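Following: one structure in structure tokens, then a few remarks.
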Amino acid sequence: MPVKGDAPVLPGARAVARYVRISPTKARRVVNLVRGLPAKEALTVLQFAPQAASEQVYKVLASAIANAENNERLDPDALLVSEAYVDEGPTMNRFQPRAQGRAYRIRKRTCHITVAVEAVAPAAPARKATPAKKATPAKETVAPKAQPATSTPEAEAVDTQSKTEGAE
């Protein structure tokens with residue numbers, strides 16, 4: 001199994017949309033919303049995001065989830081968006097005629113959207129540490145309260161006198 005930095009690679013899948021006709025900076029705003037989220041929650045976030053790029057990122061994420069489910073046999077509910085990034089694609093240059101014979105360049109930018117999901121182990125409930133069974137129960141080592149050994153009136157008088165000495 002291939003390792004990345006001495007850690008085993010978790011099973012997962014990815015999807016790439018290339019030459020998407022949207023600016024990379026606008027797509028990055030949307031991708032940053034879903035990076036690190038659980039896959040189902042990320043789909044919900046993208047569904048209600050107002051940005052135009054959210055539709056394209058939604059399609060790529062849905063494709064990555066489908067790849068994980070069909071190709072890797074992973075549970076779609078246990079997927080996490082591990083990687084999500086946007087690379088710059090080729091820029092188409094167009095020209096807009098302007099006054100006095102000038103021409104202004106219009107850049108129609110494209111981008112490549114990549115989303116990778118990985119399976120996350122379901123969180124097991126924390127188990128309480130149970131002490132090993134002992135043959136005889138150990139007694140506590142906490143010292144008991146100091147009580148006078150004799151319960152004579154003289155000992156009680158000395159005890160109350162020592163309590164009230166500092167109060168005068």
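Residue numbering restarts at 1 in every chain; chains get A, B, ... in the order shown in the structure tokens, and ligands count up from 1 in that same order.
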
With region 23-46 of chain A as the partner and 8 Å as the cut-off, tabulate the residues of region 78-127 of chain A that qualify, each row holding the nearest pair of atoms and their distance in Å to one decimal, using only C-alpha atoms, sorted by chain and rising number, as JSON lines.
{"residue": "A:Ala78", "atom": "CA", "partner": "A:Pro38", "partner_atom": "CA", "distance": 7.6}
{"residue": "A:Leu79", "atom": "CA", "partner": "A:Ala39", "partner_atom": "CA", "distance": 5.5}
{"residue": "A:Leu80", "atom": "CA", "partner": "A:Pro38", "partner_atom": "CA", "distance": 4.3}
{"residue": "A:Val81", "atom": "CA", "partner": "A:Gly36", "partner_atom": "CA", "distance": 5.1}
{"residue": "A:Ser82", "atom": "CA", "partner": "A:Gly36", "partner_atom": "CA", "distance": 5.6}
{"residue": "A:Glu83", "atom": "CA", "partner": "A:Arg35", "partner_atom": "CA", "distance": 6.5}
{"residue": "A:Ala84", "atom": "CA", "partner": "A:Arg35", "partner_atom": "CA", "distance": 5.8}
{"residue": "A:Tyr85", "atom": "CA", "partner": "A:Val31", "partner_atom": "CA", "distance": 6.6}
{"residue": "A:Val86", "atom": "CA", "partner": "A:Arg28", "partner_atom": "CA", "distance": 6.0}
{"residue": "A:Asp87", "atom": "CA", "partner": "A:Pro24", "partner_atom": "CA", "distance": 6.7}
{"residue": "A:Glu88", "atom": "CA", "partner": "A:Pro24", "partner_atom": "CA", "distance": 5.8}
{"residue": "A:Lys108", "atom": "CA", "partner": "A:Ser23", "partner_atom": "CA", "distance": 7.8}
{"residue": "A:Arg109", "atom": "CA", "partner": "A:Ser23", "partner_atom": "CA", "distance": 5.2}
{"residue": "A:Thr110", "atom": "CA", "partner": "A:Ser23", "partner_atom": "CA", "distance": 5.8}
{"residue": "A:Cys111", "atom": "CA", "partner": "A:Pro24", "partner_atom": "CA", "distance": 5.3}
{"residue": "A:His112", "atom": "CA", "partner": "A:Pro24", "partner_atom": "CA", "distance": 7.9}
{"residue": "A:Ile113", "atom": "CA", "partner": "A:Ala27", "partner_atom": "CA", "distance": 7.9}
{"residue": "A:Val117", "atom": "CA", "partner": "A:Ala39", "partner_atom": "CA", "distance": 7.4}

Handout entry: Coordinates-based distance that separates CA of Val20 (chain A) from CA of Pro50 (chain A) (Å, one decimal)
Key = 18.0 Å
